[in-house]
file target-v1.tsv (TSV, C-alpha atoms and all ligand atoms)
chain	number	residue	atom	x	y	z
A	305	MET	CA	0.00	0.00	0.00
A	306	VAL	CA	2.76	2.41	0.99
A	307	ARG	CA	4.66	1.44	-2.09
A	308	PHE	CA	1.60	2.05	-4.28
A	309	LEU	CA	1.12	5.48	-2.74
A	310	ASN	CA	4.75	6.30	-3.42
A	311	ILE	CA	4.38	5.49	-7.09
A	312	ALA	CA	1.17	7.52	-7.30
A	313	LEU	CA	2.90	10.45	-5.62
A	314	ILE	CA	5.87	10.31	-7.96
A	315	GLN	CA	3.54	10.21	-10.96
A	316	LEU	CA	1.65	13.21	-9.64
A	317	LEU	CA	4.89	15.13	-9.15
A	318	ILE	CA	5.99	14.35	-12.71
A	319	VAL	CA	2.68	15.60	-14.11
A	320	LEU	CA	2.91	18.80	-12.06
A	321	PHE	CA	6.49	19.34	-13.15
A	322	VAL	CA	5.72	18.88	-16.85
A	323	ALA	CA	2.66	21.10	-16.56
A	324	ASN	CA	4.83	23.81	-15.02
A	325	VAL	CA	7.45	23.60	-17.74
A	326	LEU	CA	4.71	23.86	-20.33
A	327	GLU	CA	3.17	26.84	-18.64
A	328	ALA	CA	6.52	28.58	-18.62
A	329	THR	CA	6.56	28.74	-22.41
A	330	GLU	CA	3.57	30.43	-23.86
A	331	LEU	CA	1.68	28.43	-26.47
A	332	ASN	CA	0.04	29.97	-29.50
A	333	VAL	CA	-3.69	29.86	-30.02
A	334	MET	CA	-3.74	26.58	-31.98
A	335	ASP	CA	-1.27	24.72	-29.75
A	336	LYS	CA	-3.00	25.90	-26.59
A	337	CYS	CA	-6.14	24.16	-27.79
A	338	TRP	CA	-4.71	20.61	-27.50
A	339	ARG	CA	-1.09	20.44	-26.31
A	340	PRO	CA	-1.76	20.92	-22.58
A	341	ASN	CA	-3.94	17.78	-22.59
A	342	PRO	CA	-1.84	14.92	-21.12
A	343	HIS	CA	-4.32	12.46	-22.65
A	344	TRP	CA	-3.89	13.74	-26.19
A	345	ARG	CA	-3.22	10.18	-27.41
A	346	LYS	CA	-6.69	9.11	-26.40
A	347	ASN	CA	-8.20	12.29	-27.80
A	348	ARG	CA	-6.36	12.65	-31.07
A	349	ASN	CA	-9.40	14.03	-32.84
A	350	GLN	CA	-9.42	17.05	-30.47
A	351	LEU	CA	-6.85	18.45	-32.91
A	352	ALA	CA	-9.49	18.96	-35.61
A	353	ARG	CA	-11.17	21.65	-33.49
A	354	CYS	CA	-7.94	23.62	-33.04
A	355	SER	CA	-7.35	25.09	-36.48
A	356	VAL	CA	-7.99	28.75	-37.22
A	357	GLY	CA	-7.50	30.86	-40.33
A	358	PHE	CA	-8.99	30.14	-43.74
A	359	ALA	CA	-9.12	26.34	-43.30
A	360	GLY	CA	-11.61	26.93	-40.47
A	361	LYS	CA	-12.29	24.11	-38.01
A	362	MET	CA	-11.68	20.65	-39.50
A	363	LEU	CA	-14.97	19.18	-38.31
A	364	GLY	CA	-15.39	17.14	-41.50
A	365	ASN	CA	-12.46	14.98	-40.36
A	366	ILE	CA	-14.09	13.83	-37.11
A	367	GLY	CA	-17.47	12.63	-35.89
A	368	LYS	CA	-19.37	9.53	-36.92
A	369	GLY	CA	-17.79	6.82	-39.03
A	370	VAL	CA	-14.11	7.72	-38.85
A	371	THR	CA	-11.84	4.77	-39.72
A	372	GLN	CA	-8.81	4.62	-37.43
A	373	TYR	CA	-5.92	3.36	-39.55
A	374	LYS	CA	-2.39	2.66	-38.38
A	375	VAL	CA	0.57	2.59	-40.75
A	376	THR	CA	2.65	-0.48	-39.84
A	377	ASP	CA	4.61	-0.97	-43.06
A	378	PRO	CA	6.89	1.76	-44.49
A	379	SER	CA	7.06	0.19	-47.95
A	380	ASP	CA	5.33	1.72	-50.97
A	381	ASP	CA	3.67	0.24	-54.05
A	382	PRO	CA	2.15	3.07	-56.12
A	383	ILE	CA	-0.22	0.87	-58.16
A	384	ASN	CA	-1.19	-1.94	-55.77
A	385	PRO	CA	-0.80	-0.47	-52.27
A	386	LYS	CA	-0.49	-3.10	-49.55
A	387	PRO	CA	-2.71	-2.94	-46.44
A	388	GLY	CA	-0.66	-1.40	-43.61
A	389	THR	CA	1.12	1.08	-45.88
A	390	LEU	CA	0.54	4.83	-45.92
A	391	ARG	CA	-0.59	4.79	-49.54
A	392	TYR	CA	-3.26	2.16	-48.80
A	393	GLY	CA	-4.72	4.25	-46.00
A	394	ALA	CA	-4.54	7.61	-47.78
A	395	THR	CA	-6.05	6.45	-51.07
A	396	LEU	CA	-8.04	3.23	-50.71
A	397	ILE	CA	-9.98	3.66	-47.47
A	398	LYS	CA	-13.30	5.30	-48.16
A	399	GLY	CA	-14.84	8.06	-46.11
A	400	LYS	CA	-13.24	9.70	-43.08
A	401	LYS	CA	-9.92	8.23	-41.98
A	402	TRP	CA	-7.54	9.20	-39.21
A	403	ILE	CA	-4.09	7.81	-40.01
A	404	THR	CA	-1.42	7.29	-37.32
A	405	PHE	CA	1.94	5.53	-37.40
A	406	LYS	CA	2.86	2.49	-35.31
A	407	ARG	CA	6.53	3.31	-34.79
A	408	ASN	CA	9.32	5.58	-36.01
A	409	MET	CA	9.68	5.08	-39.73
A	410	LYS	CA	11.17	6.36	-42.97
A	411	ILE	CA	8.82	6.13	-45.92
A	412	ASN	CA	10.25	6.49	-49.41
A	413	LEU	CA	7.49	7.25	-51.88
A	414	HIS	CA	8.25	5.90	-55.33
A	415	LYS	CA	5.60	8.06	-56.97
A	416	PRO	CA	3.51	11.03	-55.76
A	417	LEU	CA	1.04	10.08	-53.01
A	418	LEU	CA	-2.46	11.39	-53.70
A	419	ILE	CA	-4.27	12.06	-50.44
A	420	SER	CA	-8.04	11.63	-50.65
A	421	SER	CA	-10.73	13.81	-49.05
A	422	PHE	CA	-11.51	13.56	-45.30
A	423	THR	CA	-8.02	12.26	-44.50
A	424	THR	CA	-5.93	13.15	-41.45
A	425	LEU	CA	-2.24	12.23	-41.38
A	426	ASP	CA	-1.21	12.38	-37.71
A	427	GLY	CA	2.49	11.75	-36.99
A	428	ARG	CA	2.30	12.66	-33.29
A	429	GLY	CA	4.11	10.38	-30.86
A	430	VAL	CA	6.59	8.92	-33.37
A	431	SER	CA	9.14	10.27	-35.81
A	432	VAL	CA	7.96	9.86	-39.41
A	433	HIS	CA	10.16	10.84	-42.34
A	434	ILE	CA	8.63	11.03	-45.79
A	435	SER	CA	10.98	11.50	-48.69
A	436	GLY	CA	11.23	11.05	-52.42
A	437	PRO	CA	11.64	10.39	-55.17
A	438	ALA	CA	8.08	11.75	-54.92
A	439	CYS	CA	6.11	13.31	-52.05
A	440	LEU	CA	2.59	14.43	-51.01
A	441	VAL	CA	-0.13	15.78	-53.30
A	442	VAL	CA	-3.66	16.85	-52.43
A	443	TYR	CA	-5.39	16.70	-55.81
A	444	ARG	CA	-9.03	17.81	-56.12
A	445	ALA	CA	-9.62	16.80	-52.50
A	446	THR	CA	-11.09	18.60	-49.49
A	447	ASP	CA	-10.90	18.29	-45.69
A	448	VAL	CA	-7.28	17.19	-45.30
A	449	ILE	CA	-5.05	17.58	-42.22
A	450	ILE	CA	-1.30	16.99	-42.54
A	451	HIS	CA	0.27	17.06	-39.07
A	452	GLY	CA	3.57	16.10	-37.48
A	453	LEU	CA	5.59	14.79	-40.44
A	454	LYS	CA	9.15	15.41	-41.62
A	455	ILE	CA	9.05	15.75	-45.39
A	456	HIS	CA	12.26	16.24	-47.35
A	457	ASP	CA	14.41	15.29	-50.35
A	458	CYS	CA	11.50	15.26	-52.77
A	459	LYS	CA	12.51	15.12	-56.43
A	460	ALA	CA	10.96	16.02	-59.80
A	461	HIS	CA	9.01	13.20	-61.37
A	462	LEU	CA	8.17	12.28	-64.96
A	463	PRO	CA	4.50	11.76	-65.90
A	464	SER	CA	3.28	8.52	-64.36
A	465	SER	CA	0.21	6.67	-63.14
A	466	VAL	CA	-0.58	6.06	-59.49
A	467	MET	CA	-3.42	4.68	-57.42
A	468	GLY	CA	-5.72	7.58	-56.56
A	469	PRO	CA	-8.79	8.08	-54.37
A	470	ASP	CA	-11.69	5.64	-54.85
A	471	SER	CA	-9.46	2.92	-56.30
A	472	LYS	CA	-9.00	4.83	-59.56
A	473	ILE	CA	-5.65	4.86	-61.33
A	474	ILE	CA	-4.77	8.49	-62.04
A	475	GLN	CA	-2.46	9.73	-64.79
A	476	LEU	CA	-0.22	12.44	-63.37
A	477	GLY	CA	1.72	14.96	-65.41
A	478	HIS	CA	5.25	16.09	-64.67
A	479	MET	CA	5.79	16.86	-60.97
A	480	ASP	CA	8.30	19.55	-60.00
A	481	GLY	CA	9.55	18.04	-56.78
A	482	ASP	CA	7.71	19.76	-53.92
A	483	ALA	CA	7.26	18.39	-50.41
A	484	ILE	CA	3.51	19.12	-50.46
A	485	GLY	CA	1.51	20.18	-53.51
A	486	LEU	CA	-2.12	21.30	-53.35
A	487	VAL	CA	-3.84	21.11	-56.73
A	488	ALA	CA	-7.47	22.28	-56.85
A	489	ALA	CA	-7.61	21.37	-53.14
A	490	LYS	CA	-9.93	22.98	-50.58
A	491	LYS	CA	-10.03	23.14	-46.80
A	492	VAL	CA	-6.56	21.90	-45.99
A	493	TRP	CA	-4.67	22.38	-42.70
A	494	ILE	CA	-0.91	21.87	-42.76
A	495	ASP	CA	0.36	22.04	-39.16
A	496	HIS	CA	3.58	21.21	-37.28
A	497	ASN	CA	5.55	19.66	-40.14
A	498	THR	CA	9.28	20.00	-40.81
A	499	LEU	CA	10.05	20.58	-44.48
A	500	TYR	CA	13.45	20.93	-46.16
A	501	ASP	CA	15.79	20.15	-49.07
A	502	CYS	CA	13.43	19.51	-51.98
A	503	GLU	CA	14.18	19.88	-55.67
A	504	ASP	CA	11.59	22.57	-56.42
A	505	GLY	CA	9.76	24.00	-53.42
A	506	LEU	CA	8.39	22.99	-50.03
A	507	LEU	CA	4.72	23.90	-50.49
A	508	ASP	CA	2.73	24.76	-53.64
A	509	VAL	CA	-0.89	25.90	-53.43
A	510	THR	CA	-2.13	26.05	-57.03
A	511	THR	CA	-4.88	25.84	-59.65
A	512	GLY	CA	-7.88	26.99	-57.70
A	513	SER	CA	-6.88	25.69	-54.28
A	514	THR	CA	-8.29	27.75	-51.42
A	515	ASN	CA	-9.30	27.78	-47.74
A	516	VAL	CA	-5.88	26.71	-46.55
A	517	THR	CA	-4.10	27.24	-43.21
A	518	VAL	CA	-0.34	26.71	-43.04
A	519	SER	CA	0.71	26.84	-39.38
A	520	ASN	CA	3.46	25.86	-36.96
A	521	ASN	CA	5.68	24.42	-39.70
A	522	TRP	CA	9.43	24.69	-39.86
A	523	PHE	CA	10.66	25.48	-43.38
A	524	ARG	CA	14.42	25.41	-43.83
A	525	ASN	CA	17.27	24.83	-46.29
A	526	GLN	CA	15.38	25.72	-49.43
A	527	ASP	CA	15.64	28.11	-52.38
A	528	LYS	CA	11.92	28.45	-53.25
A	529	VAL	CA	9.87	27.91	-50.11
A	530	MET	CA	6.15	28.49	-50.71
A	531	LEU	CA	4.21	29.28	-53.85
A	532	LEU	CA	0.61	30.47	-53.62
A	533	GLY	CA	-1.03	30.75	-57.05
A	534	HIS	CA	-0.39	28.66	-60.13
A	535	ASP	CA	0.83	31.00	-62.85
A	536	ASP	CA	0.21	34.55	-64.01
A	537	GLY	CA	-2.52	33.45	-66.45
A	538	TYR	CA	-4.51	31.41	-63.94
A	539	VAL	CA	-7.03	34.08	-62.89
A	540	ARG	CA	-9.20	31.66	-60.91
A	541	ASP	CA	-6.60	31.93	-58.18
A	542	LYS	CA	-8.04	35.39	-57.47
A	543	SER	CA	-10.36	33.66	-55.00
A	544	MET	CA	-7.50	31.82	-53.26
A	545	ARG	CA	-7.32	32.54	-49.51
A	546	VAL	CA	-4.44	31.24	-47.42
A	547	THR	CA	-3.44	31.84	-43.79
A	548	VAL	CA	0.28	31.51	-43.01
A	549	ALA	CA	0.77	31.70	-39.23
A	550	PHE	CA	3.24	30.69	-36.49
A	551	ASN	CA	5.73	29.18	-38.96
A	552	HIS	CA	9.50	29.32	-38.63
A	553	PHE	CA	11.29	30.15	-41.90
A	554	GLY	CA	15.02	29.49	-42.01
A	555	PRO	CA	17.86	29.17	-41.67
A	556	ASN	CA	19.00	28.99	-45.30
A	557	CYS	CA	15.84	30.01	-47.10
A	558	ASN	CA	16.23	32.17	-50.19
A	559	GLN	CA	12.82	33.37	-51.41
A	560	ARG	CA	9.01	32.81	-51.56
A	561	MET	CA	7.85	32.89	-47.94
A	562	PRO	CA	5.41	33.07	-49.65
A	563	ARG	CA	5.27	34.20	-53.30
A	564	VAL	CA	1.64	35.07	-54.07
A	565	ARG	CA	-0.19	35.35	-57.40
A	566	HIS	CA	-3.69	36.79	-57.74
A	567	GLY	CA	-5.05	35.70	-54.37
A	568	TYR	CA	-4.99	36.76	-50.74
A	569	ALA	CA	-2.64	35.73	-47.95
A	570	HIS	CA	-2.81	36.64	-44.27
A	571	VAL	CA	0.76	36.20	-43.08
A	572	ALA	CA	0.80	36.57	-39.29
A	573	ASN	CA	3.06	35.80	-36.33
A	574	ASN	CA	5.76	34.03	-38.34
A	575	TYR	CA	9.45	34.03	-37.44
A	576	TYR	CA	11.76	34.80	-40.37
A	577	GLN	CA	15.32	33.79	-39.67
A	578	GLY	CA	16.82	35.56	-42.69
A	579	TRP	CA	16.29	35.40	-46.47
A	580	THR	CA	18.69	35.96	-49.34
A	581	GLN	CA	16.51	37.49	-52.09
A	582	TYR	CA	13.22	38.32	-50.40
A	583	ALA	CA	10.69	36.96	-47.92
A	584	ILE	CA	7.25	37.97	-49.24
A	585	GLY	CA	6.68	38.62	-52.94
A	586	GLY	CA	4.31	38.26	-55.80
A	587	SER	CA	2.83	39.25	-59.10
A	588	MET	CA	-0.63	39.78	-60.67
A	589	SER	CA	-2.04	42.14	-58.02
A	590	PRO	CA	-1.78	39.84	-55.03
A	591	ARG	CA	-3.06	40.98	-51.64
A	592	VAL	CA	-1.01	40.29	-48.54
A	593	LYS	CA	-1.57	41.39	-44.98
A	594	SER	CA	1.70	40.94	-43.14
A	595	GLU	CA	0.84	41.18	-39.47
A	596	SER	CA	3.01	40.97	-36.34
A	597	ASN	CA	5.74	38.87	-37.92
A	598	TYR	CA	9.31	38.85	-36.59
A	599	PHE	CA	11.71	39.58	-39.46
A	600	VAL	CA	15.45	39.19	-38.93
A	601	ALA	CA	17.57	40.15	-41.96
A	602	THR	CA	20.94	38.45	-42.40
A	603	LYS	CA	24.23	40.29	-42.90
A	604	SER	CA	24.73	39.13	-46.48
A	605	GLY	CA	21.13	38.85	-47.72
A	606	SER	CA	18.72	41.53	-48.85
A	607	LYS	CA	17.28	43.81	-46.17
A	608	GLU	CA	14.11	44.40	-48.15
A	609	ILE	CA	11.39	41.90	-47.28
A	610	THR	CA	9.13	42.35	-50.29
A	611	TRP	CA	9.57	41.64	-53.98
A	612	LYS	CA	7.13	42.82	-56.61
A	613	LYS	CA	7.21	41.47	-60.10
A	614	SER	CA	5.39	43.18	-62.91
A	615	SER	CA	4.01	40.91	-65.58
A	616	ARG	CA	2.17	41.46	-68.79
A	617	GLY	CA	-1.48	42.30	-68.15
A	618	ASP	CA	-0.74	43.13	-64.54
A	619	LYS	CA	-2.12	46.45	-63.29
A	620	MET	CA	0.81	46.55	-60.86
A	621	GLN	CA	-1.37	46.96	-57.83
A	622	TRP	CA	0.40	44.95	-55.20
A	623	LYS	CA	-1.60	45.29	-52.05
A	624	PHE	CA	1.19	44.47	-49.64
A	625	PHE	CA	0.39	45.84	-46.22
A	626	SER	CA	2.45	45.58	-43.06
A	627	VAL	CA	0.96	46.07	-39.63
A	628	ASN	CA	2.78	45.71	-36.30
A	629	ASP	CA	5.65	43.72	-37.84
A	630	PHE	CA	8.95	43.67	-35.94
A	631	PHE	CA	12.17	44.31	-37.84
A	632	GLU	CA	15.69	43.35	-36.80
A	633	ASN	CA	19.10	43.84	-38.45
A	634	GLY	CA	17.84	46.48	-40.86
A	635	ALA	CA	14.98	44.45	-42.31
A	636	CYS	CA	12.46	46.69	-44.07
A	637	PHE	CA	9.06	46.27	-45.68
A	638	SER	CA	7.99	48.50	-48.59
A	639	PRO	CA	4.20	48.51	-48.66
A	640	GLY	CA	2.30	48.89	-51.93
A	641	LYS	CA	1.66	52.54	-52.80
A	642	GLY	CA	-1.66	54.02	-51.83
A	643	VAL	CA	-3.16	50.73	-50.74
A	644	GLY	CA	-5.77	50.47	-48.09
A	645	LYS	CA	-5.79	47.83	-45.43
A	646	VAL	CA	-6.45	44.39	-46.81
A	647	LYS	CA	-8.38	42.56	-44.14
A	648	PRO	CA	-8.83	38.79	-44.04
A	649	ASN	CA	-12.55	39.15	-43.16
A	650	TYR	CA	-12.53	35.90	-41.23
A	651	SER	CA	-15.72	34.22	-40.12
A	652	PRO	CA	-16.02	33.74	-36.33
A	653	SER	CA	-14.65	30.16	-36.41
A	654	GLU	CA	-11.67	31.21	-38.57
A	655	ARG	CA	-10.75	34.33	-36.60
A	656	PHE	CA	-7.87	34.39	-34.10
A	657	THR	CA	-6.13	36.92	-31.94
A	658	VAL	CA	-2.83	37.83	-33.51
A	659	ALA	CA	-0.12	38.05	-30.84
A	660	ASP	CA	2.41	40.81	-30.30
A	661	ALA	CA	5.36	40.42	-32.72
A	662	LYS	CA	7.77	40.50	-29.76
A	663	ASN	CA	6.35	37.16	-28.58
A	664	VAL	CA	6.67	35.44	-31.94
A	665	LYS	CA	10.04	33.78	-31.27
A	666	GLU	CA	8.54	32.08	-28.26
A	667	LEU	CA	5.23	31.24	-29.96
A	668	THR	CA	7.09	29.55	-32.84
A	669	SER	CA	9.78	27.89	-30.70
A	670	SER	CA	8.28	24.44	-31.23
A	671	ALA	CA	7.44	24.87	-34.92
A	672	GLY	CA	7.97	21.74	-36.98
A	673	ALA	CA	7.17	18.13	-36.09
A	674	LEU	CA	6.85	17.90	-32.29
A	675	GLN	CA	8.65	15.34	-30.20
A	676	CYS	CA	5.92	13.93	-28.02
A	677	THR	CA	7.08	11.35	-25.55
A	678	ARG	CA	4.96	8.44	-24.48
A	679	HIS	CA	2.29	9.20	-21.84
A	680	SER	CA	3.17	12.85	-21.62
A	681	ILE	CA	2.36	16.25	-22.85
A	682	CYS	CA	3.18	17.00	-26.44
B	701	LIG	C1	-14.21	28.57	-48.31
B	701	LIG	O1	-14.70	28.72	-46.98
B	701	LIG	C2	-15.80	29.60	-46.87
B	701	LIG	C3	-16.10	29.78	-45.40
B	701	LIG	O2	-16.32	28.56	-44.78
B	701	LIG	C4	-16.97	29.03	-47.67
B	701	LIG	O3	-18.06	29.90	-47.60
B	701	LIG	C5	-16.54	28.85	-49.13
B	701	LIG	O4	-17.56	28.22	-49.84
B	701	LIG	C6	-15.28	28.00	-49.21
B	701	LIG	N1	-14.80	28.02	-50.58
B	701	LIG	C7	-14.67	26.92	-51.31
B	701	LIG	C8	-14.25	27.14	-52.73
B	701	LIG	O5	-14.87	25.80	-50.88
call {"tool": "encode", "arguments": {"input": "target-v1.tsv", "output": "structure tokens", "more": "lines below"}}
Ligand SMILES: *[C@@H]1O[C@H](CO)[C@@H](O)[C@H](O)[C@H]1NC(C)=O
result
Amino acid sequence: MVRFLNIALIQLLIVLFVANVLEATELNVMDKCWRPNPHWRKNRNQLARCSVGFAGKMLGNIGKGVTQYKVTDPSDDPINPKPGTLRYGATLIKGKKWITFKRNMKINLHKPLLISSFTTLDGRGVSVHISGPACLVVYRATDVIIHGLKIHDCKAHLPSSVMGPDSKIIQLGHMDGDAIGLVAAKKVWIDHNTLYDCEDGLLDVTTGSTNVTVSNNWFRNQDKVMLLGHDDGYVRDKSMRVTVAFNHFGPNCNQRMPRVRHGYAHVANNYYQGWTQYAIGGSMSPRVKSESNYFVATKSGSKEITWKKSSRGDKMQWKFFSVNDFFENGACFSPGKGVGKVKPNYSPSERFTVADAKNVKELTSSAGALQCTRHSIC
């Protein structure tokens, strides 16, 4: 009995200690929603209620009829996926599926992986590396959460066929070699991933994709980081809306954090650890509200944060607006001339309180895939 009490007491002390450590670092609005819960493993779907920004709450990923699927096999067969593999779960299981990983693993994708609608990839609790030749694509799908993965070394890929959603073989064109590509995708939340060293870029949001939140990710070691908007001629991207919040960019990032065409981006509370050419840029009258970010210029790189490209047919009305940003090492932001404020106009479930830029280093200090230990706080 005494012995049992001792163990209970020690456990209680550990919980109190961890809770204290966690309280000492302030969590951002999305993390605060689930990370303090010591029983997060039993309540994984709590995460879906934590997103803010243009993805809104991911309520389509939870509720009745969710298939819990565990990846046990890191191998990959792009045409006949084996049960237990990531590709089987992400493409062949119908309806809502919440995908976790049994143990630490390295998954090499031989061809692009098409993630179907109502899919959650949840890497919490283990260390999951996804790398090329090909990587992740959300193609004409909605309601997708990508959380807690390390995605890197993705390479360009020749046209090929792969198993797609609903057991249909899909013919894919040339792929540039991005870690994550959204193609005509809607309602996607990309949270707490670590992305680096890919052939083209780390994240592409293109061809009519919208309602996307990119949060708590760590982007590093990359020339072209994030592209929002397909090409100058693709005017449908005018309705693209993307929230980029609480991410850590750098070290060793050159440009496109993000590069925006046509659409609207709310870029808030991100930590920029240097850039060589520029941080935020675009063409075709993009609208960007840069709010309470922490920009640190490097000694050798450009001090100017923005980059504005004029293209044929462009009215050259970049609505780049900076509010409450924090600048270090001579970093400077040239707003578009004569532009008014460009507000995100969030709905109540998308809206969030943007923190003071001075707190951004702390609020992004655990950006990237989290290391959650067994039976403890994440
Ligand atoms: C984007 O989200 C808004 C707000 O939930 C919704 O009204 C709109 O239909 C969505 N757009 C698309 C293209 O799904």
call {"tool": "residues_near_ligand", "arguments": {"input": "target-v1.tsv", "ligand": "ligand LIG 701 (chain B)", "cutoff": "8 Å", "atoms": "only C-alpha atoms and all ligand atoms", "output": "ChimeraX atom specification"}}
result
/A:358-360,490-491,513-515,543,651
call {"tool": "write_last_selection", "arguments": {"input": "target-v1.tsv", "atoms": "C-alpha atoms", "output": "compact mmCIF listing (two decimals), keeping the file's coordinate frame"}}
result
# COMPACT_ATOMS: atom_id res chain seq x y z
CA PHE A 358 -8.99 30.14 -43.74
CA ALA A 359 -9.12 26.34 -43.30
CA GLY A 360 -11.61 26.93 -40.47
CA LYS A 490 -9.93 22.98 -50.58
CA LYS A 491 -10.03 23.14 -46.80
CA SER A 513 -6.88 25.69 -54.28
CA THR A 514 -8.29 27.75 -51.42
CA ASN A 515 -9.30 27.78 -47.74
CA SER A 543 -10.36 33.66 -55.00
CA SER A 651 -15.72 34.22 -40.12
call {"tool": "closest_residue", "arguments": {"input": "target-v1.tsv", "among": "A:Ala394, A:Val370, A:Ile584, A:Leu351", "to": "Gly452 in chain A", "atoms": "all atoms listed in the file"}}
result
A:Leu351
call {"tool": "atom_distance", "arguments": {"input": "target-v1.tsv", "atom1": "CA of Asp629 in chain A", "atom2": "CA of Ser594 in chain A"}}
result
7.2 Å
call {"tool": "residues_near_point", "arguments": {"input": "target-v1.tsv", "point": "(4.5, 42.9, -59.6)", "cutoff": "7 Å", "atoms": "only C-alpha atoms", "output": "list in words"}}
result
Gly586, Ser587, Met588, Ser589, Lys612, Lys613, Ser614, Ser615, Met620 and Trp622 of chain A
call {"tool": "write_last_selection", "arguments": {"input": "target-v1.tsv", "atoms": "C-alpha atoms", "output": "compact mmCIF listing (two decimals), keeping the file's coordinate frame"}}
result
# COMPACT_ATOMS: atom_id res chain seq x y z
CA GLY A 586 4.31 38.26 -55.80
CA SER A 587 2.83 39.25 -59.10
CA MET A 588 -0.63 39.78 -60.67
CA SER A 589 -2.04 42.14 -58.02
CA LYS A 612 7.13 42.82 -56.61
CA LYS A 613 7.21 41.47 -60.10
CA SER A 614 5.39 43.18 -62.91
CA SER A 615 4.01 40.91 -65.58
CA MET A 620 0.81 46.55 -60.86
CA TRP A 622 0.40 44.95 -55.20
call {"tool": "axis_aligned_box", "arguments": {"input": "target-v1.tsv", "around": "range 592-604 of chain A", "padding_each_side": "4 Å", "output": "AutoDock Vina command-line options"}}
result
--center_x 11.6 --center_y 39.9 --center_z -42.4 --size_x 34.3 --size_y 10.9 --size_z 20.2
call {"tool": "atom_distance", "arguments": {"input": "target-v1.tsv", "atom1": "CA of Thr423 in chain A", "atom2": "CA of Gln350 in chain A"}}
result
14.9 Å
call {"tool": "residues_near_point", "arguments": {"input": "target-v1.tsv", "point": "(10.0, 1.2, -45.6)", "cutoff": "8 Å", "atoms": "all atoms listed in the file", "output": "number ranges by chain"}}
result
A: 377-380, 409-412
call {"tool": "closest_residue", "arguments": {"input": "target-v1.tsv", "among": "A:Val548, A:Val492, A:Ala583, A:Ala661", "to": "Asn365 in chain A", "atoms": "all atoms listed in the file"}}
result
A:Val492
call {"tool": "atom_distance", "arguments": {"input": "target-v1.tsv", "atom1": "CA of Lys400 in chain A", "atom2": "CA of Ser465 in chain A"}}
result
24.3 Å
call {"tool": "residues_around", "arguments": {"input": "target-v1.tsv", "residues": "Thr371 in chain A", "least_positions_apart": "6", "cutoff": "12 Å", "atoms": "only C-alpha atoms", "output": "JSON, numbers by chain"}}
result
{"A": [349, 365, 393, 394, 396, 397, 398, 399, 400, 401, 402, 403, 404, 422, 423, 424]}
call {"tool": "closest_residue", "arguments": {"input": "target-v1.tsv", "among": "A:Ala352, A:Ala572, A:Ile419, A:Cys676", "to": "Asp660 in chain A", "atoms": "all atoms listed in the file"}}
result
A:Ala572
call {"tool": "residues_around", "arguments": {"input": "target-v1.tsv", "residues": "Pro437 in chain A", "least_positions_apart": "2", "cutoff": "8 Å", "atoms": "all atoms listed in the file", "output": "PyMOL selection string"}}
result
chain A and resi 412-415+435+439+457-461
call {"tool": "closest_residue", "arguments": {"input": "target-v1.tsv", "among": "A:Ser626, A:Ser596, A:Leu462, A:Pro469", "to": "Arg444 in chain A", "atoms": "only C-alpha atoms"}}
result
A:Pro469
call {"tool": "closest_residue", "arguments": {"input": "target-v1.tsv", "among": "A:Arg428, A:Arg560, A:Lys647, A:His570", "to": "Ile450 in chain A", "atoms": "all atoms listed in the file"}}
result
A:Arg428
call {"tool": "build_atoms", "arguments": {"input": "target-v1.tsv", "residues": "range 542-548 of chain A", "atoms": "N, CA, C and O atoms", "output": "tab-separated table (two decimals), in the coordinates of the input"}}
result
chain	number	residue	atom	x	y	z
A	542	LYS	N	-7.62	34.15	-58.14
A	542	LYS	CA	-8.04	35.39	-57.47
A	542	LYS	C	-8.85	35.09	-56.21
A	542	LYS	O	-8.87	35.87	-55.27
A	543	SER	N	-9.56	33.97	-56.19
A	543	SER	CA	-10.36	33.66	-55.00
A	543	SER	C	-9.59	32.81	-53.98
A	543	SER	O	-10.17	32.36	-53.00
A	544	MET	N	-8.30	32.59	-54.22
A	544	MET	CA	-7.50	31.82	-53.26
A	544	MET	C	-7.31	32.59	-51.95
A	544	MET	O	-6.97	33.77	-51.96
A	545	ARG	N	-7.53	31.91	-50.84
A	545	ARG	CA	-7.32	32.54	-49.51
A	545	ARG	C	-6.49	31.58	-48.66
A	545	ARG	O	-6.87	30.43	-48.43
A	546	VAL	N	-5.35	32.08	-48.20
A	546	VAL	CA	-4.44	31.24	-47.42
A	546	VAL	C	-3.99	31.99	-46.17
A	546	VAL	O	-3.65	33.17	-46.24
A	547	THR	N	-4.00	31.29	-45.03
A	547	THR	CA	-3.44	31.84	-43.79
A	547	THR	C	-2.08	31.19	-43.54
A	547	THR	O	-1.97	29.97	-43.59
A	548	VAL	N	-1.08	32.00	-43.29
A	548	VAL	CA	0.28	31.51	-43.01
A	548	VAL	C	0.63	32.05	-41.62
A	548	VAL	O	0.89	33.24	-41.47
